[in-house]
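*Asks:* Provided herewith: data-v6.cif, mmCIF, C-alpha atoms.
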data_my_file
#
loop_
_atom_site.label_atom_id
_atom_site.label_comp_id
_atom_site.auth_asym_id
_atom_site.auth_seq_id
_atom_site.Cartn_x
_atom_site.Cartn_y
_atom_site.Cartn_z
CA MET A 1 -9.11 92.26 -17.97
CA ALA A 2 -7.93 89.08 -16.30
CA SER A 3 -4.48 88.08 -15.09
CA ILE A 4 -2.64 84.85 -14.30
CA GLN A 5 -0.69 84.31 -11.11
CA LYS A 6 1.15 81.13 -10.12
CA ARG A 7 0.96 79.87 -6.54
CA LYS A 8 2.82 76.69 -5.70
CA ASP A 9 1.84 74.21 -8.41
CA LYS A 10 -1.39 75.99 -9.46
CA TYR A 11 -2.05 78.70 -12.05
CA ASN A 12 -4.71 81.14 -10.93
CA VAL A 13 -6.86 83.26 -13.24
CA ILE A 14 -7.81 86.48 -11.42
CA TYR A 15 -10.56 88.81 -12.63
CA TYR A 16 -13.21 91.23 -11.37
CA TYR A 17 -16.96 91.03 -11.95
CA THR A 18 -20.14 92.73 -10.78
CA ASP A 19 -22.53 90.49 -8.83
CA LYS A 20 -26.34 90.59 -9.02
CA TYR A 21 -26.41 93.22 -6.25
CA GLY A 22 -24.16 95.61 -8.21
CA LYS A 23 -21.08 94.98 -6.07
CA VAL A 24 -17.65 94.57 -7.71
CA LYS A 25 -15.93 91.38 -6.56
CA GLN A 26 -12.67 89.57 -7.27
CA LYS A 27 -12.64 85.95 -8.42
CA TRP A 28 -9.76 83.43 -8.38
CA GLU A 29 -9.98 80.26 -10.48
CA SER A 30 -7.23 77.63 -10.15
CA PHE A 31 -5.88 75.38 -12.93
CA ARG A 32 -3.23 72.67 -13.07
CA THR A 33 -1.51 73.90 -16.24
CA LEU A 34 -0.62 77.27 -17.71
CA ARG A 35 -2.38 76.28 -20.93
CA GLU A 36 -5.69 75.76 -19.11
CA ALA A 37 -5.28 79.06 -17.27
CA ARG A 38 -4.57 80.98 -20.51
CA LYS A 39 -7.63 79.43 -22.14
CA ARG A 40 -9.85 80.45 -19.23
CA LYS A 41 -8.35 83.96 -19.16
CA ALA A 42 -9.19 84.40 -22.84
CA GLU A 43 -12.75 83.12 -22.27
CA VAL A 44 -13.36 85.57 -19.43
CA GLU A 45 -11.99 88.55 -21.37
CA LEU A 46 -14.00 87.69 -24.49
CA GLN A 47 -17.24 87.16 -22.53
CA GLN A 48 -16.78 90.39 -20.59
CA ALA A 49 -16.07 92.26 -23.83
CA ASP A 50 -19.21 91.05 -25.62
CA ARG A 51 -21.29 91.15 -22.40
CA THR A 52 -22.09 87.42 -22.31
CA PHE A 53 -20.19 86.88 -19.07
CA ILE A 54 -22.17 85.20 -16.29
CA ALA A 55 -21.17 86.07 -12.75
CA PRO A 56 -19.82 83.14 -10.72
CA SER A 57 -22.56 81.18 -9.00
CA THR A 58 -22.74 81.10 -5.23
CA THR A 59 -25.30 78.29 -5.39
CA THR A 60 -24.13 74.85 -4.35
CA LEU A 61 -25.27 71.66 -6.08
CA ASN A 62 -27.25 70.68 -2.96
CA GLU A 63 -29.06 74.04 -3.11
CA PHE A 64 -29.68 73.82 -6.85
CA TRP A 65 -31.04 70.23 -6.89
CA PRO A 66 -34.49 70.88 -5.27
CA THR A 67 -35.17 73.73 -7.70
CA TYR A 68 -34.05 71.56 -10.61
CA VAL A 69 -36.35 68.71 -9.52
CA ASP A 70 -39.36 71.01 -8.96
CA LEU A 71 -39.09 72.93 -12.24
CA TYR A 72 -37.53 70.35 -14.55
CA GLY A 73 -37.93 66.87 -13.06
CA CYS A 74 -41.62 67.20 -12.23
CA ASN A 75 -42.35 68.15 -15.85
CA LYS A 76 -40.04 65.70 -17.60
CA TRP A 77 -39.61 62.60 -15.44
CA SER A 78 -41.77 59.54 -15.00
CA ILE A 79 -42.45 58.08 -11.55
CA SER A 80 -39.69 55.47 -11.91
CA THR A 81 -37.21 58.09 -13.18
CA MET A 82 -38.02 60.35 -10.22
CA GLU A 83 -37.39 57.46 -7.81
CA LYS A 84 -34.14 56.42 -9.48
CA ASN A 85 -32.65 59.92 -9.86
CA THR A 86 -33.60 60.89 -6.30
CA ALA A 87 -31.95 57.73 -4.93
CA LEU A 88 -28.77 58.33 -6.97
CA PHE A 89 -28.49 61.92 -5.80
CA LYS A 90 -29.02 61.03 -2.15
CA ALA A 91 -26.60 58.09 -2.11
CA TYR A 92 -23.79 59.04 -4.51
CA ILE A 93 -23.97 62.68 -5.57
CA SER A 94 -24.93 64.83 -2.59
CA PRO A 95 -22.33 63.38 -0.16
CA TYR A 96 -19.45 63.96 -2.59
CA LEU A 97 -20.33 66.95 -4.81
CA GLY A 98 -23.25 68.56 -3.01
CA HIS A 99 -21.18 71.10 -1.10
CA TYR A 100 -19.45 72.41 -4.25
CA LYS A 101 -20.64 75.63 -5.85
CA LEU A 102 -21.86 74.93 -9.39
CA ASP A 103 -19.01 76.81 -11.05
CA GLU A 104 -16.42 75.07 -8.86
CA ILE A 105 -17.11 71.69 -10.44
CA ARG A 106 -14.61 71.28 -13.26
CA PRO A 107 -13.70 68.36 -15.53
CA ILE A 108 -10.78 67.38 -13.24
CA THR A 109 -13.16 67.45 -10.24
CA ILE A 110 -15.48 65.06 -12.08
CA GLU A 111 -12.68 62.68 -13.13
CA GLN A 112 -11.46 62.47 -9.53
CA TYR A 113 -15.04 61.98 -8.32
CA TYR A 114 -15.59 59.03 -10.69
CA ALA A 115 -12.25 57.49 -9.71
CA ASN A 116 -13.22 57.69 -6.03
CA LEU A 117 -16.67 56.22 -6.73
CA LYS A 118 -15.10 53.11 -8.24
CA GLU A 119 -13.55 52.40 -4.83
CA THR A 120 -16.72 53.23 -2.88
CA GLU A 121 -18.99 50.58 -1.39
CA ASN A 122 -22.33 50.28 -3.13
CA THR A 123 -25.06 51.35 -0.70
CA MET A 124 -27.73 49.30 -2.50
CA LYS A 125 -25.83 46.08 -3.20
CA THR A 126 -22.72 44.30 -1.98
CA GLY A 127 -19.45 45.26 -3.63
CA LYS A 128 -18.13 48.47 -5.14
CA VAL A 129 -20.10 51.02 -7.16
CA SER A 130 -20.40 49.50 -10.64
CA SER A 131 -19.56 51.16 -13.94
CA ARG A 132 -23.27 50.98 -14.80
CA VAL A 133 -24.19 53.10 -11.74
CA ILE A 134 -21.42 55.62 -12.53
CA ALA A 135 -22.70 55.89 -16.12
CA GLU A 136 -26.20 56.57 -14.72
CA ILE A 137 -24.79 59.26 -12.39
CA HIS A 138 -23.01 60.88 -15.33
CA ARG A 139 -26.25 60.95 -17.33
CA VAL A 140 -28.14 62.60 -14.42
CA LEU A 141 -25.47 65.23 -13.74
CA ARG A 142 -24.91 66.04 -17.42
CA CYS A 143 -28.62 66.84 -17.74
CA THR A 144 -28.64 68.76 -14.44
CA PHE A 145 -25.78 71.00 -15.55
CA ASN A 146 -27.28 71.49 -19.02
CA VAL A 147 -30.29 73.01 -17.28
CA ALA A 148 -28.00 75.10 -15.03
CA VAL A 149 -26.40 76.56 -18.18
CA LYS A 150 -29.83 77.21 -19.70
CA TRP A 151 -30.94 79.01 -16.54
CA GLU A 152 -27.66 81.01 -16.57
CA TYR A 153 -26.31 79.74 -13.28
CA ILE A 154 -23.08 78.81 -15.04
CA GLN A 155 -21.42 79.49 -18.39
CA ASN A 156 -20.46 75.95 -19.45
CA ASN A 157 -21.35 72.38 -18.61
CA PRO A 158 -18.19 70.62 -17.34
CA PHE A 159 -19.78 67.16 -17.79
CA LEU A 160 -19.74 67.64 -21.56
CA LYS A 161 -15.94 67.70 -21.39
CA VAL A 162 -15.76 64.34 -19.60
CA ASP A 163 -16.21 61.08 -21.46
CA THR A 164 -19.18 59.00 -20.40
CA PRO A 165 -17.84 56.23 -18.16
CA LYS A 166 -17.72 52.99 -20.13
CA HIS A 167 -19.99 50.20 -19.06
CA GLU A 168 -19.78 46.70 -20.47
CA TYR A 169 -23.29 45.28 -20.55
CA GLU A 170 -23.44 41.69 -19.46
CA LYS A 171 -25.15 39.41 -21.95
CA ARG A 172 -27.94 37.76 -20.04
CA GLU A 173 -29.09 34.23 -20.69
CA ILE A 174 -32.27 33.90 -22.75
CA TRP A 175 -34.41 30.86 -23.36
CA THR A 176 -34.92 29.43 -26.81
CA ALA A 177 -38.42 28.75 -28.10
CA ASN A 178 -37.93 25.06 -27.27
CA GLN A 179 -36.93 25.91 -23.72
CA ILE A 180 -40.01 28.11 -23.31
CA ALA A 181 -42.13 25.21 -24.58
CA LYS A 182 -40.51 22.95 -21.98
CA ALA A 183 -41.14 25.50 -19.22
CA LEU A 184 -44.83 25.74 -20.18
CA GLU A 185 -45.08 21.96 -20.22
CA VAL A 186 -43.75 21.76 -16.64
CA CYS A 187 -45.58 24.86 -15.32
CA GLU A 188 -48.50 24.07 -13.00
CA ASP A 189 -49.40 27.69 -12.13
CA PRO A 190 -51.96 28.89 -14.72
CA LYS A 191 -51.38 32.61 -14.11
CA LEU A 192 -47.61 32.17 -14.52
CA SER A 193 -48.17 30.17 -17.71
CA ILE A 194 -50.41 32.92 -19.14
CA ALA A 195 -47.85 35.59 -18.10
CA ILE A 196 -45.02 33.73 -19.86
CA GLN A 197 -47.09 33.25 -23.01
CA LEU A 198 -48.12 36.92 -23.14
CA ALA A 199 -44.49 38.01 -22.74
CA PHE A 200 -43.30 35.59 -25.43
CA ALA A 201 -46.14 35.67 -27.98
CA CYS A 202 -46.99 39.37 -27.58
CA SER A 203 -43.56 40.82 -26.64
CA LEU A 204 -44.95 42.41 -23.47
CA ARG A 205 -43.04 43.98 -20.60
CA ILE A 206 -43.86 42.56 -17.17
CA GLY A 207 -45.74 45.73 -16.19
CA GLU A 208 -47.84 45.46 -19.37
CA VAL A 209 -48.62 41.80 -18.61
CA LEU A 210 -49.70 42.58 -15.05
CA GLY A 211 -51.66 45.70 -16.06
CA LEU A 212 -53.68 43.99 -18.80
CA THR A 213 -57.43 44.05 -18.12
CA TRP A 214 -60.14 41.89 -19.67
CA ASP A 215 -61.82 44.84 -21.40
CA ASN A 216 -58.67 45.09 -23.55
CA VAL A 217 -58.69 41.37 -24.44
CA HIS A 218 -60.75 40.57 -27.55
CA ILE A 219 -61.37 36.83 -27.81
CA SER A 220 -65.06 36.59 -28.72
CA ASP A 221 -66.43 34.00 -31.18
CA ASP A 222 -66.62 36.75 -33.80
CA ASP A 223 -62.96 37.61 -33.18
CA PHE A 224 -62.05 33.96 -33.80
CA SER A 225 -64.17 33.67 -36.95
CA ASN A 226 -62.66 36.89 -38.33
CA ASN A 227 -59.13 35.78 -37.35
CA ASP A 228 -58.93 38.95 -35.26
CA THR A 229 -58.21 37.83 -31.70
CA HIS A 230 -56.12 40.60 -30.17
CA ILE A 231 -55.24 42.66 -27.10
CA TYR A 232 -54.78 46.40 -26.57
CA ILE A 233 -51.94 47.68 -24.41
CA LYS A 234 -53.08 50.93 -22.80
CA GLN A 235 -51.64 50.73 -19.27
CA GLN A 236 -49.10 48.99 -17.09
CA LEU A 237 -48.82 47.97 -13.46
CA GLU A 238 -46.00 49.49 -11.43
CA ARG A 239 -44.99 49.70 -7.79
CA ALA A 240 -44.21 53.31 -6.92
CA ARG A 241 -43.01 55.16 -3.86
CA THR A 242 -45.67 57.32 -2.26
CA ASP A 243 -43.29 60.28 -1.97
CA ALA A 244 -42.59 60.12 -5.73
CA LEU A 245 -46.32 59.97 -6.46
CA GLU A 246 -46.90 63.04 -4.29
CA LYS A 247 -43.97 64.91 -5.84
CA LEU A 248 -45.31 64.31 -9.34
CA ASN A 249 -48.91 64.89 -8.28
CA ASN A 250 -49.83 61.39 -9.56
CA LYS A 251 -48.70 62.25 -13.08
CA ASP A 252 -49.52 59.49 -15.65
CA VAL A 253 -51.32 57.50 -12.93
CA LEU A 254 -54.68 56.02 -13.96
CA PHE A 255 -55.54 54.23 -10.73
CA ILE A 256 -53.96 53.72 -7.30
CA PHE A 257 -54.77 50.39 -5.68
CA PRO A 258 -55.65 50.41 -1.99
CA GLN A 259 -53.11 49.08 0.46
CA PHE A 260 -53.88 45.42 1.00
CA GLU A 261 -51.24 44.76 3.67
CA GLU A 262 -51.99 45.59 7.28
CA ARG A 263 -48.60 47.17 7.86
CA LYS A 264 -47.86 50.59 6.40
CA ASN A 265 -45.87 50.51 3.20
CA ALA A 266 -43.84 53.28 1.56
CA THR A 267 -44.95 52.07 -1.89
CA ARG A 268 -48.24 51.50 -3.70
CA LEU A 269 -49.27 49.50 -6.74
CA VAL A 270 -50.60 51.74 -9.51
CA LEU A 271 -51.92 51.47 -13.04
CA LYS A 272 -50.21 54.08 -15.19
CA THR A 273 -49.90 55.02 -18.82
CA PRO A 274 -47.36 52.96 -20.82
CA LYS A 275 -43.67 53.78 -21.06
CA THR A 276 -43.85 55.68 -24.38
CA ASP A 277 -46.52 56.72 -26.89
CA SER A 278 -45.47 53.83 -29.14
CA SER A 279 -46.11 51.44 -26.25
CA VAL A 280 -49.85 52.00 -26.71
CA ARG A 281 -50.58 49.34 -29.30
CA LYS A 282 -52.78 46.57 -30.68
CA ILE A 283 -51.24 43.10 -30.73
CA TRP A 284 -52.81 40.15 -32.51
CA LEU A 285 -52.93 36.86 -30.62
CA PRO A 286 -52.09 33.37 -31.82
CA ASN A 287 -55.44 31.55 -31.65
CA THR A 288 -54.06 28.93 -29.26
CA LEU A 289 -53.09 31.62 -26.76
CA ALA A 290 -56.54 33.17 -27.21
CA CYS A 291 -58.07 29.79 -26.28
CA PHE A 292 -55.85 29.57 -23.19
CA LEU A 293 -57.05 33.05 -22.19
CA LYS A 294 -60.69 31.94 -22.55
CA GLN A 295 -60.00 28.97 -20.30
CA TRP A 296 -58.24 31.21 -17.76
CA LYS A 297 -61.21 33.62 -17.78
CA GLU A 298 -63.53 30.71 -16.95
CA GLU A 299 -61.16 29.67 -14.14
CA GLN A 300 -61.22 33.21 -12.73
CA ASN A 301 -65.02 33.20 -12.78
CA LYS A 302 -64.93 30.13 -10.52
CA TYR A 303 -62.70 32.03 -8.07
CA LYS A 304 -65.18 34.93 -8.13
CA GLU A 305 -68.01 32.60 -7.18
CA ALA A 306 -65.96 30.97 -4.42
CA TYR A 307 -64.87 34.28 -2.84
CA GLY A 308 -68.22 36.03 -3.34
CA ASP A 309 -68.25 39.50 -1.75
CA LYS A 310 -64.63 39.13 -0.67
CA TYR A 311 -63.43 39.03 -4.27
CA HIS A 312 -61.62 42.23 -5.39
CA ASN A 313 -62.80 42.72 -8.96
CA TYR A 314 -60.30 44.95 -10.74
CA ASN A 315 -60.85 43.11 -14.06
CA LEU A 316 -57.16 42.14 -14.20
CA VAL A 317 -56.10 39.24 -16.43
CA ILE A 318 -53.22 38.30 -14.11
CA CYS A 319 -54.19 38.53 -10.45
CA GLN A 320 -54.24 36.63 -7.19
CA PRO A 321 -57.09 34.12 -6.58
CA ASN A 322 -59.02 36.79 -4.63
CA GLY A 323 -58.62 39.33 -7.46
CA ILE A 324 -55.99 41.65 -5.97
CA PRO A 325 -53.19 42.71 -8.33
CA CYS A 326 -50.22 40.44 -8.73
CA ASP A 327 -46.92 42.10 -7.83
CA GLY A 328 -44.02 41.57 -10.21
CA SER A 329 -42.08 39.85 -7.43
CA VAL A 330 -44.69 37.07 -7.38
CA ILE A 331 -44.13 36.33 -11.07
CA ARG A 332 -40.35 36.54 -10.72
CA LYS A 333 -40.35 34.09 -7.79
CA GLY A 334 -42.63 31.76 -9.72
CA LEU A 335 -40.32 31.88 -12.74
CA SER A 336 -37.28 31.15 -10.57
CA LYS A 337 -39.01 28.12 -9.09
CA LEU A 338 -40.14 26.94 -12.55
CA GLU A 339 -36.68 27.08 -14.09
CA LYS A 340 -35.36 24.80 -11.35
CA GLU A 341 -38.21 22.33 -11.78
CA ALA A 342 -37.73 22.28 -15.56
CA GLY A 343 -33.91 22.13 -15.35
CA LEU A 344 -33.56 25.32 -17.39
CA PRO A 345 -30.91 28.08 -17.11
CA HIS A 346 -31.67 31.11 -14.94
CA VAL A 347 -33.28 34.00 -16.82
CA VAL A 348 -35.02 37.22 -15.87
CA PHE A 349 -38.65 37.66 -16.92
CA HIS A 350 -37.76 40.52 -19.27
CA SER A 351 -35.59 38.12 -21.30
CA LEU A 352 -38.78 36.46 -22.58
CA ARG A 353 -39.46 39.71 -24.43
CA HIS A 354 -36.00 39.48 -25.99
CA THR A 355 -36.64 35.89 -27.05
CA SER A 356 -39.95 37.02 -28.51
CA THR A 357 -38.26 39.73 -30.55
CA THR A 358 -35.63 37.43 -32.01
CA TYR A 359 -38.14 34.66 -32.68
CA LYS A 360 -40.43 37.03 -34.59
CA LEU A 361 -37.51 38.44 -36.56
CA LYS A 362 -36.68 34.89 -37.61
CA LEU A 363 -40.28 34.13 -38.57
CA ASN A 364 -40.73 37.30 -40.64
CA ASN A 365 -37.24 37.28 -42.21
CA GLY A 366 -36.07 40.39 -40.37
CA ASP A 367 -39.13 42.63 -40.80
CA ILE A 368 -38.08 45.27 -38.27
CA LYS A 369 -41.19 47.47 -38.54
CA ALA A 370 -43.63 44.58 -38.06
CA THR A 371 -41.71 43.40 -35.00
CA GLN A 372 -41.45 46.94 -33.65
CA GLY A 373 -45.25 47.21 -33.84
CA ASP A 374 -45.56 44.31 -31.38
CA THR A 375 -42.73 45.26 -29.05
CA GLY A 376 -43.71 48.92 -28.77
CA HIS A 377 -40.12 50.14 -29.07
CA SER A 378 -39.99 53.84 -29.91
CA GLN A 379 -37.19 53.38 -32.44
CA ALA A 380 -36.45 50.62 -34.92
CA ASP A 381 -32.74 50.58 -34.04
CA MET A 382 -33.66 49.40 -30.54
CA VAL A 383 -35.14 46.30 -32.19
CA MET A 384 -31.99 45.97 -34.28
CA ASP A 385 -29.93 45.87 -31.07
CA LEU A 386 -31.97 42.87 -29.96
CA TYR A 387 -31.37 41.18 -33.32
CA SER A 388 -27.88 40.35 -32.02
CA HIS A 389 -29.49 37.79 -29.72
CA ILE A 390 -30.38 35.61 -32.74
CA LEU A 391 -29.37 32.11 -31.85
CA ASP A 392 -25.95 30.75 -32.71
CA GLU A 393 -27.25 28.05 -35.01
CA ASP A 394 -28.55 30.71 -37.40
CA ARG A 395 -25.12 32.34 -37.54
CA ARG A 396 -23.66 28.89 -38.17
CA VAL A 397 -26.07 28.49 -41.10
CA ASN A 398 -24.85 31.82 -42.51
CA ALA A 399 -21.26 30.52 -42.43
CA GLN A 400 -22.33 27.31 -44.20
CA ARG A 401 -24.19 29.27 -46.86
CA PHE A 402 -21.08 31.40 -47.39
CA GLU A 403 -19.03 28.21 -47.70
CA ASP A 404 -21.38 26.78 -50.32
CA SER A 405 -21.87 29.94 -52.37
CA PHE A 406 -18.29 31.25 -52.40
CA TYR A 407 -15.59 28.83 -51.34
CA LYS A 408 -16.99 25.69 -52.95
CA GLN A 409 -17.66 27.61 -56.15
CA ASN A 410 -14.33 29.40 -56.38
CA MET A 411 -11.66 27.89 -54.11
CA GLU A 412 -12.57 24.24 -53.56
CA ASN A 413 -9.18 22.91 -54.72
CA TYR A 414 -6.99 25.30 -52.72
CA VAL A 415 -7.14 23.44 -49.44
CA GLU A 416 -8.53 20.18 -48.12
CA VAL A 417 -11.52 20.90 -45.91
CA PRO A 418 -12.54 18.29 -43.28
CA GLN A 419 -16.19 17.35 -43.61
CA ALA A 420 -18.45 17.85 -40.61
CA SER A 421 -20.10 14.71 -39.35
CA LYS A 422 -23.77 14.65 -40.19
CA LYS A 423 -26.16 14.24 -37.31
CA VAL A 424 -28.90 11.65 -37.68
CA ASP A 425 -32.41 12.89 -37.07
CA ILE A 426 -33.98 9.93 -35.22
CA ASP A 427 -37.51 11.25 -35.69
CA GLN A 428 -37.06 11.40 -39.47
CA VAL A 429 -35.60 7.88 -39.55
CA LEU A 430 -38.52 6.46 -37.57
CA GLU A 431 -41.02 8.24 -39.80
CA LYS A 432 -39.42 6.75 -42.94
CA ILE A 433 -39.43 3.28 -41.39
CA LYS A 434 -43.15 3.60 -40.59
CA GLN A 435 -43.89 4.62 -44.18
CA ASP A 436 -41.91 1.72 -45.73
CA PRO A 437 -43.11 -1.77 -44.56
CA GLU A 438 -40.37 -3.53 -46.53
CA LEU A 439 -37.67 -1.49 -44.83
CA LEU A 440 -39.26 -2.26 -41.45
CA GLN A 441 -39.23 -6.03 -42.15
CA LEU A 442 -35.61 -5.85 -43.33
CA LEU A 443 -34.60 -4.01 -40.14
CA ILE A 444 -36.39 -6.60 -37.95
CA ALA A 445 -34.72 -9.46 -39.83
CA THR A 446 -31.30 -7.83 -39.51
CA LEU A 447 -31.65 -7.24 -35.77
CA GLY A 448 -32.97 -10.77 -35.24
CA GLY A 449 -30.13 -12.36 -37.14
CA ASP A 450 -27.75 -12.10 -34.17
#
Spit out the file's structure as structure tokens when you get a sec.

*Replies:*
Amino acid sequence: MASIQKRKDKYNVIYYYTDKYGKVKQKWESFRTLREARKRKAEVELQQADRTFIAPSTTTLNEFWPTYVDLYGCNKWSISTMEKNTALFKAYISPYLGHYKLDEIRPITIEQYYANLKETENTMKTGKVSSRVIAEIHRVLRCTFNVAVKWEYIQNNPFLKVDTPKHEYEKREIWTANQIAKALEVCEDPKLSIAIQLAFACSLRIGEVLGLTWDNVHISDDDFSNNDTHIYIKQQLERARTDALEKLNNKDVLFIFPQFEERKNATRLVLKTPKTDSSVRKIWLPNTLACFLKQWKEEQNKYKEAYGDKYHNYNLVICQPNGIPCDGSVIRKGLSKLEKEAGLPHVVFHSLRHTSTTYKLKLNNGDIKATQGDTGHSQADMVMDLYSHILDEDRRVNAQRFEDSFYKQNMENYVEVPQASKKVDIDQVLEKIKQDPELLQLLIATLGGD
């Protein structure tokens, strides 16, 4: 049996239990309201009656985390997930919740923790801890405590009783197809040009672009004649921390590049398996891009001859002149420089993949499955989310179609609608003038009359 005793402004549920050593111990659990205390009292009595009661844990979160990482994280996480979760725990979880015993962390503890985090300085960037970081922390801890319940450290997961912190995703700028064409026109770096085209035409992630090797590029004369120029995505390039690689025993890693810098670095460039099973895919190439790739291959062969024995031949499509892999930061810096030279808005490289998705959806009239095959998304609804990036002029066309099909057919006389001014397409006008000599002579005579 359990009892409730009030002390000051807290209601305490008091009960006895037998620990794992067979000793009978007393436990006090404090609650803010009598209602919460009564609910907990009933839970304890019911669990003790049907023998499902789990003795209170004496393990703190800091003590539990290494076991959780070794037994769960090493089996479930990728290298990047290991790095991210480890960094979050070290910076934002351990200093604030690490000393708590697992069963001492309650929904109210979590709410107060999140409120305090919002006023905490971000250790990785300037400013306060963002709602995005707090949402990530919530995701990590919810999973951690789910496992603690499964392993019978605790009875319930308190993070399931707390709403996921809301995070408003900022809509990032993306280039239109015309803006990408302008960027390619201005671009003087051939490897950057190829990287942009692969991201746009093939919907590749930056790691997939940088991890592409020539043995997975099929641009032979037979491929052209059969209209079958294509690439296979089987790997991606990633920079990983050496401690994460060791912890995961190089899981999913296909190749670790040697360290090219003289100074010691805590990270290494690796080729690893793609993000998901659906990311392994065949993507057909536009023939023009295939021709650009042939030209770039010939250019690389010239570099090989020039460097001779000093050339590092890793068979990478995108690499430095001496053949060593090209870090993502090199491409991002090149893109930043290019956008300034071309007078284009700032974008991140990944946005080219978003532009690719929306452009293909426009070309194929919303064929989600065909687009998903190129992008490698694991679920079609992820592609649907990107469909919202469809350019504003298309949404404007939808409104005009609605106007023509409904209002003009049914309600034209109800209200006077101002007519939009029609824009003159100069290129079309010039083309018509060229095709009509009489109209050209009339225009010349009219202009010369003044």

*Asks:* For the PyMOL selection byres ((chain A and resi 14) around 8), applied here, can you spell out every residue it catches as JSON, numbers by chain?

*Replies:* {"A": [2, 3, 4, 5, 12, 13, 15, 16, 26, 27, 28, 29]}

*Asks:* How far is it from CA of Phe159 in chain A to CA of Arg142 in chain A, in Å with one decimal?

*Replies:* 5.3 Å

*Asks:* Evaluate the PyMOL selection byres ((chain A and resi 272) around 6) against this structure - the residues, as an NGL selection string, please.

*Replies:* :A and (235-236 or 252-254 or 271 or 273)

*Asks:* Mind telling me what the PyMOL selection byres ((chain A and resi 141) around 12) catches here, as an MDAnalysis selection string?

*Replies:* chainID A and resid 61 64:65 68 85:86 88:89 92:94 97:98 102 105 110 134:140 142:148 157:160 162 164

*Asks:* Between CA of Asn75 in chain A and CA of Gly328 in chain A, what is the spacing in Å?

*Replies:*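 Separation between CA of Gly328 in chain A and CA of Asn75 in chain A: 27.2 Å.
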
*Asks:* Which centre and which edge lengths, in Å to one decimal, describe the axis-aligned box that holds all listed atoms of range 159-162 of chain A after 5 Å is added on each side, as AutoDock Vina command-line options?

*Replies:*
--center_x -17.8 --center_y 66.0 --center_z -19.7 --size_x 14.0 --size_y 13.4 --size_z 13.8

*Asks:* What is the CA of Thr176 in chain A to CA of Ser279 in chain A distance in Å?

*Replies:* 24.7 Å

*Asks:* Calculated over all atoms listed in the file, which of the candidates A:Asn250, A:Thr67, A:Asn62, A:Asn178 has the smallest distance to Tyr359 in chain A?

*Replies:* A:Asn178

*Asks:* Residues around (-65.6, 44.0, -17.5), cut-off 9 Å, counting only C-alpha atoms - what are they as a list in words?

*Replies:*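 In the file's frame, the residues around the point are Thr213, Trp214, Asp215, Tyr314 and Asn315 of chain A.
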
*Asks:* Name the residues in contact with Asp103 in chain A at a cut-off of 9 Å, using all atoms listed in the file, excluding same-chain residues fewer than 2 positions from it; report them as a list in words.

*Replies:* Pro56, Ser57, Thr58, Thr59, Thr60, Tyr100, Lys101, Ile105, Arg106, Tyr153, Ile154, Gln155, Asn156 and Pro158 of chain A

*Asks:* Atoms to include: C-alpha atoms. Write the selected residues as a tab-separated table (two decimals), keeping the file's coordinate frame.

*Replies:*
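So result04.tsv came out as:
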chain	number	residue	atom	x	y	z
A	56	PRO	CA	-19.82	83.14	-10.72
A	57	SER	CA	-22.56	81.18	-9.00
A	58	THR	CA	-22.74	81.10	-5.23
A	59	THR	CA	-25.30	78.29	-5.39
A	60	THR	CA	-24.13	74.85	-4.35
A	100	TYR	CA	-19.45	72.41	-4.25
A	101	LYS	CA	-20.64	75.63	-5.85
A	105	ILE	CA	-17.11	71.69	-10.44
A	106	ARG	CA	-14.61	71.28	-13.26
A	153	TYR	CA	-26.31	79.74	-13.28
A	154	ILE	CA	-23.08	78.81	-15.04
A	155	GLN	CA	-21.42	79.49	-18.39
A	156	ASN	CA	-20.46	75.95	-19.45
A	158	PRO	CA	-18.19	70.62	-17.34

*Asks:* Skipping near chain neighbours, those fewer than 2 positions away, what residues fall within 12 Å of Val330 in chain A using only C-alpha atoms, listed as a list in words?

*Replies:*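 Within the cut-off, the hits are Asp189, Lys191, Leu192, Ala195, Ile206, Leu210, Ile318, Cys319, Gln320, Pro325, Cys326, Asp327, Gly328, Arg332, Lys333, Gly334, Leu335, Ser336, Lys337 and Phe349 of chain A.
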
*Asks:* For each of A:Phe53, A:Tyr72, A:Tyr17, A:Ala181, take the minimum atom-to-atom distance to Ser193 in chain A, counting all atoms listed in the file, then give the residue where this is smallest.

*Replies:*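 Answer, going by the shortest atom-to-atom distance: A:Ala181.
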
*Asks:* Can you tell me which residues surround Gly127 in chain A at a distance of at most 12 Å, considering all atoms listed in the file, apart from same-chain residues fewer than 6 positions away, and format the answer as a PyMOL selection string?

*Replies:* chain A and resi 117-121

*Asks:* How would you write as a list of chain:residue names the residues that get within 6 Å of (-49.7, 46.4, -27.2) in the file's frame, counting only C-alpha atoms?

*Replies:* A:Tyr232, A:Ile233, A:Val280, A:Arg281, A:Lys282, A:Ile283

*Asks:* Got a sec: who's within 12 Å of Lys304 in chain A, counting only C-alpha atoms, leaving out chain neighbours fewer than 2 positions off, as a list in words?

*Replies:* Lys297, Glu298, Glu299, Gln300, Asn301, Lys302, Ala306, Tyr307, Gly308, Asp309, Lys310, Tyr311, His312, Asn313, Tyr314, Asn315, Cys319, Gln320, Pro321, Asn322, Gly323 and Ile324 of chain A

*Asks:* Which one is closest to Val217 in chain A: A:Lys150, A:Lys8, A:Lys84, A:Lys294? Count all atoms listed in the file.

*Replies:*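 Counting all atoms listed in the file, the residue closest to Val217 in chain A is A:Lys294.
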